[in-house]
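So this block is final-v7.cif, mmCIF, C-alpha atoms:
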data_protein
#
loop_
_atom_site.label_atom_id
_atom_site.label_comp_id
_atom_site.auth_asym_id
_atom_site.auth_seq_id
_atom_site.Cartn_x
_atom_site.Cartn_y
_atom_site.Cartn_z
CA MET A 145 33.40 13.36 -14.44
CA GLN A 146 30.60 15.56 -13.04
CA ALA A 147 27.99 13.52 -14.93
CA LEU A 148 29.38 10.30 -13.49
CA LEU A 149 29.35 11.77 -9.98
CA LEU A 150 25.76 13.00 -10.44
CA THR A 151 24.68 9.55 -11.65
CA ALA A 152 26.28 7.91 -8.60
CA VAL A 153 24.58 10.37 -6.23
CA LEU A 154 21.19 9.82 -7.89
CA PHE A 155 21.64 6.05 -7.65
CA ILE A 156 22.33 6.34 -3.91
CA PHE A 157 19.11 8.29 -3.34
CA ASN A 158 16.98 6.23 -5.75
CA PRO A 159 18.68 2.85 -6.22
CA LEU A 160 15.93 1.27 -8.34
CA GLN A 161 15.82 4.07 -10.90
CA GLY A 162 17.14 2.89 -14.23
CA ILE A 163 16.89 -0.78 -13.29
CA SER A 164 14.34 -2.63 -15.35
CA ALA A 165 11.59 -4.72 -13.83
CA GLU A 166 12.69 -7.64 -15.99
CA LYS A 167 16.11 -7.70 -14.35
CA PHE A 168 14.47 -8.34 -10.98
CA ASN A 169 11.65 -10.47 -12.41
CA PHE A 170 8.95 -8.18 -10.93
CA ARG A 171 6.55 -9.20 -13.68
CA ARG A 172 7.31 -12.92 -13.71
CA HIS A 173 8.40 -14.35 -10.41
CA GLY A 174 10.32 -17.53 -11.07
CA PRO A 175 12.39 -19.69 -8.77
CA ASP A 176 15.07 -16.99 -8.51
CA SER A 177 12.62 -14.57 -6.85
CA THR A 178 11.15 -15.10 -3.40
CA TYR A 179 9.01 -12.88 -1.17
CA PHE A 180 9.51 -13.07 2.57
CA GLY A 181 8.78 -11.07 5.72
CA ASN A 182 6.19 -10.68 8.45
CA ALA A 183 3.68 -8.64 6.40
CA VAL A 184 1.54 -9.72 3.47
CA VAL A 185 -0.88 -7.76 1.28
CA SER A 186 -3.02 -9.02 -1.60
CA TYR A 187 -5.47 -7.26 -3.95
CA THR A 188 -6.90 -7.47 -7.47
CA ILE A 189 -7.26 -4.52 -9.87
CA LYS A 190 -8.53 -4.94 -13.45
CA GLY A 191 -8.26 -8.71 -13.12
CA LYS A 192 -4.59 -8.60 -12.05
CA LYS A 193 -3.96 -10.15 -8.65
CA THR A 194 -1.03 -8.79 -6.65
CA THR A 195 0.34 -10.48 -3.55
CA ILE A 196 3.46 -9.13 -1.86
CA LYS A 197 5.41 -9.40 1.36
CA ASN A 198 7.96 -7.05 2.94
CA LEU A 199 10.96 -8.13 0.91
CA LEU A 200 11.62 -9.54 -2.54
CA GLN A 201 14.79 -11.59 -2.74
CA THR A 202 16.06 -11.84 -6.28
CA GLY A 203 19.45 -12.03 -7.90
CA GLY A 204 21.10 -12.23 -4.47
CA GLN A 205 19.56 -8.91 -3.40
CA ASN A 206 16.80 -8.04 -0.94
CA ILE A 207 14.49 -5.31 -2.23
CA THR A 208 11.80 -3.65 -0.10
CA ALA A 209 8.58 -4.67 -1.84
CA LEU A 210 6.05 -3.61 0.80
CA HIS A 211 6.67 -0.45 2.79
CA LEU A 212 4.58 -0.03 5.93
CA ASN A 213 4.12 3.75 6.15
CA VAL A 214 1.86 3.90 9.22
CA VAL A 215 0.08 0.97 10.83
CA GLY A 216 -1.34 1.57 14.28
CA LEU A 217 -4.26 1.97 16.62
CA ILE A 218 -5.63 5.49 17.13
CA PRO A 219 -6.02 5.88 20.90
CA LYS A 220 -9.43 6.81 22.37
CA LYS A 221 -11.08 6.74 18.92
CA ASN A 222 -11.54 2.98 18.38
CA LEU A 223 -9.91 3.45 14.97
CA VAL A 224 -6.92 1.89 13.24
CA ARG A 225 -4.77 3.34 10.46
CA VAL A 226 -3.39 1.04 7.80
CA ASN A 227 -1.16 2.85 5.30
CA PHE A 228 1.21 0.91 3.06
CA THR A 229 3.02 1.23 -0.26
CA ASN A 230 3.68 -1.43 -2.88
CA SER A 231 7.23 -0.23 -3.55
CA LEU A 232 7.45 -2.17 -6.81
CA THR A 233 4.48 -0.37 -8.40
CA HIS A 234 4.35 2.77 -6.22
CA GLU A 235 0.70 2.08 -5.34
CA VAL A 236 -0.33 3.46 -1.93
CA PHE A 237 -3.28 2.40 0.21
CA ASP A 238 -4.43 4.48 3.19
CA PHE A 239 -7.29 3.37 5.43
CA ILE A 240 -8.59 4.80 8.69
CA VAL A 241 -11.40 2.55 9.88
CA ALA A 242 -13.01 1.07 12.99
CA ASP A 243 -10.55 -1.15 14.85
CA LYS A 244 -12.95 -4.11 14.63
CA GLY A 245 -15.76 -5.18 12.37
CA THR A 246 -16.76 -3.71 9.02
CA THR A 247 -16.51 -0.05 8.04
CA VAL A 248 -18.28 1.14 4.88
CA ILE A 249 -16.94 4.38 3.44
CA GLN A 250 -19.01 6.15 0.80
CA HIS A 251 -18.26 9.29 -1.18
CA TYR A 252 -15.10 10.15 0.78
CA LYS A 253 -13.35 13.44 0.00
CA PRO A 254 -10.36 14.63 2.01
CA THR A 255 -10.84 17.64 4.26
CA LEU A 256 -8.43 19.92 6.05
CA THR A 257 -8.85 18.90 9.66
CA VAL A 258 -6.71 17.85 12.60
CA GLU A 259 -9.27 15.21 13.60
CA GLU A 260 -8.79 11.65 12.36
CA GLU A 261 -11.64 10.70 10.05
CA LYS A 262 -12.64 7.40 8.51
CA LYS A 263 -11.22 7.18 5.03
CA ALA A 264 -10.08 4.91 2.22
CA VAL A 265 -7.63 6.26 -0.36
CA TYR A 266 -5.75 4.53 -3.16
CA MET A 267 -2.92 6.08 -5.19
CA SER A 268 -2.46 4.34 -8.54
CA THR A 269 0.72 3.40 -10.39
CA SER A 270 0.34 6.64 -12.37
CA LEU A 271 0.33 8.59 -9.05
CA VAL A 272 -3.36 9.54 -9.27
CA ASN A 273 -5.34 9.64 -6.02
CA PHE A 274 -8.61 7.74 -5.88
CA TYR A 275 -11.04 8.22 -2.98
CA ALA A 276 -13.59 5.76 -1.63
CA ASP A 277 -16.85 5.92 -3.53
CA ASN A 278 -18.18 2.72 -1.96
CA VAL A 279 -15.53 0.76 -0.06
CA ARG A 280 -15.77 -1.92 2.66
CA VAL A 281 -12.91 -2.56 5.06
CA GLU A 282 -13.29 -5.39 7.54
CA ILE A 283 -10.88 -5.59 10.47
CA SER A 284 -10.73 -9.03 12.06
CA ILE A 285 -7.73 -8.41 14.35
CA ALA A 286 -6.26 -5.10 15.53
CA ASP A 287 -4.07 -5.48 18.57
CA GLU A 288 -0.75 -4.15 19.83
CA LYS A 289 1.15 -6.54 17.51
CA HIS A 290 -0.62 -6.60 14.13
CA VAL A 291 -3.68 -5.78 12.03
CA THR A 292 -5.52 -8.30 9.86
CA GLY A 293 -8.33 -7.40 7.51
CA LYS A 294 -9.99 -7.39 4.11
CA PHE A 295 -10.96 -4.59 1.74
CA SER A 296 -12.78 -4.12 -1.54
CA GLY A 297 -14.81 -1.55 -3.39
CA GLU A 298 -14.93 1.26 -5.86
CA PHE A 299 -12.68 4.32 -5.75
CA ILE A 300 -13.06 7.49 -7.82
CA SER A 301 -10.51 10.16 -8.81
CA ASP A 302 -11.13 13.90 -8.97
CA ASN A 303 -11.60 13.65 -12.75
CA GLY A 304 -14.31 10.97 -12.36
CA THR A 305 -12.24 7.92 -13.31
CA HIS A 306 -13.26 4.79 -11.39
CA VAL A 307 -11.15 1.87 -10.22
CA VAL A 308 -12.51 -1.28 -8.59
CA ILE A 309 -10.37 -3.18 -6.12
CA LYS A 310 -11.42 -6.74 -5.31
CA ALA A 311 -10.32 -9.40 -2.83
CA GLY A 312 -8.00 -7.11 -0.88
CA SER A 313 -6.45 -8.43 2.32
CA PHE A 314 -3.64 -7.58 4.69
CA ASP A 315 -1.88 -9.07 7.67
CA ILE A 316 0.71 -6.57 8.80
CA PRO A 317 2.54 -5.67 12.01
CA ILE A 318 1.89 -2.50 13.97
CA THR A 319 4.54 0.14 13.19
CA VAL A 320 3.29 2.93 15.52
CA LYS A 321 2.63 2.36 19.21
#

I'd like the structure from this file rewritten - as structure tokens, please.
Amino acid sequence: MQALLLTAVLFIFNPLQGISAEKFNFRRHGPDSTYFGNAVVSYTIKGKKTTIKNLLQTGGQNITALHLNVVGLIPKKNLVRVNFTNSLTHEVFDFIVADKGTTVIQHYKPTLTVEEEKKAVYMSTSLVNFYADNVRVEISIADEKHVTGKFSGEFISDNGTHVVIKAGSFDIPITVK
């Protein structure tokens, strides 16, 4: 009985644990799976293109596919933060860049500071952090309603592993005002 209760509690706190990707067609989106919402993100890693929106509707259920962690303008700094998670793969992207035009970030390493700094960080499906080695982020719109932009470049982990992200784009609403 205790094991059954523990399983139920764990399912409440992590409802997707133990549910296979095939059940929800995460790997092969057919007519029974549809993305919808007011945010869209697209990127290509190792030749695999990923395009997602806020919600995935499949099997009569709505599943959060794209979580907007922090998306907002940074007052008095002319910066914007775009931080989102692909909830299906657990990949996280975190950018702090100029609120218009192109920002090139090279050899970024996180520092302990209270000041906002320009950065580009990617956390992989295996939960490894990669930092911008040579990354371009272009913001075309950053207003009080949404942020639209493109990103691409090379990221490097602490152990020297490289990952190249191509053809990245986002059009997402502001979450912090």

Which protein, DNA or RNA residues are at most 12 Å from (-9.7, -4.6, -12.1) in the file's coordinates when you count all atoms listed in the file, listed as a short mmCIF file (atom, residue, chain, number, x, y, z; two decimals) with C-alpha atoms, in the coordinates of the input?
data_model
loop_
_atom_site.label_atom_id
_atom_site.label_comp_id
_atom_site.auth_asym_id
_atom_site.auth_seq_id
_atom_site.Cartn_x
_atom_site.Cartn_y
_atom_site.Cartn_z
CA TYR A 187 -5.47 -7.26 -3.95
CA THR A 188 -6.90 -7.47 -7.47
CA ILE A 189 -7.26 -4.52 -9.87
CA LYS A 190 -8.53 -4.94 -13.45
CA GLY A 191 -8.26 -8.71 -13.12
CA LYS A 192 -4.59 -8.60 -12.05
CA LYS A 193 -3.96 -10.15 -8.65
CA THR A 194 -1.03 -8.79 -6.65
CA SER A 296 -12.78 -4.12 -1.54
CA GLY A 297 -14.81 -1.55 -3.39
CA GLU A 298 -14.93 1.26 -5.86
CA PHE A 299 -12.68 4.32 -5.75
CA HIS A 306 -13.26 4.79 -11.39
CA VAL A 307 -11.15 1.87 -10.22
CA VAL A 308 -12.51 -1.28 -8.59
CA ILE A 309 -10.37 -3.18 -6.12
CA LYS A 310 -11.42 -6.74 -5.31
CA ALA A 311 -10.32 -9.40 -2.83
CA GLY A 312 -8.00 -7.11 -0.88
#

| request: Evaluate the PyMOL selection byres ((chain A and resi 219-223) around 8) on the structure here and hand back the selected residues as a PyMOL selection string. | output: chain A and resi 217-218+224-225+240-243

| Using the chain letters and numbers from the file, which residues does the PyMOL selection byres ((chain A and resi 293) around 6) grab, as a PyMOL selection string? | chain A and resi 282-284+292+294+313-314

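Atom pair CA of Leu200 (chain A) / CA of Ser186 (chain A) has a distance of 14.7 Å (rounded to one decimal).
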
| request: Can you pull out every residue within 7 Å of region 260-264 of chain A, counting only C-alpha atoms, but drop anything in the same chain fewer than 6 positions away, and send it as a list in words? | output: Asp238, Phe239, Ile240, Val241, Ile249, Tyr252, Tyr275 and Ala276 of chain A

| What does the distance between CA of Ser268 (chain A) and CA of Ala183 (chain A) come to in Å, to one decimal place? |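 Those two atoms sit 20.7 Å apart.
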
| message | Just to confirm, what's the straight-line distance from CA of Thr319 (chain A) to CA of Val272 (chain A) in Å (one decimal)? | response | 25.6 Å

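Among the candidates A:Val226, A:Ile318, A:Val184, A:Ala209, the one nearest to Asp287 (chain A) when counting all atoms listed in the file is A:Ile318.
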
| said: So that I can see what lies close to Thr233 (chain A), please list as a VMD selection string the residues with an atom at most 10 Å from it, counting only C-alpha atoms and leaving out residues fewer than 3 positions away in the same chain. | reply: chain A and resid 165 170 209 to 210 229 to 230 236 268 to 271

| said: I need the residue nearest His251 (chain A) from this list: A:Ser301, A:Phe295, A:Leu199, A:Asp315. Use only C-alpha atoms for the distance. | reply: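 Among the listed residues, the smallest separation from His251 (chain A) belongs to A:Ser301.
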
| query | Between A:Met267, A:Val248, A:Leu256, A:Val214, which is the closest to His234 (chain A) once you count only C-alpha atoms? | reply |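 The shortest atom-to-atom distance to His234 (chain A) comes from A:Met267.
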
Using all atoms listed in the file, which protein or nucleic acid residues come within 6 Å of Phe237 (chain A)? Drop anything in the same chain fewer than 2 positions from it, and give the result as a PDB file with C-alpha atoms, in the coordinates of the input.
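Output file around27.pdb follows:
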ATOM      1  CA  ASN A 227      -1.160   2.850   5.300  1.00  0.00           C
ATOM      2  CA  PHE A 228       1.210   0.910   3.060  1.00  0.00           C
ATOM      3  CA  VAL A 265      -7.630   6.260  -0.360  1.00  0.00           C
ATOM      4  CA  TYR A 266      -5.750   4.530  -3.160  1.00  0.00           C
TER       5      TYR A 266
END
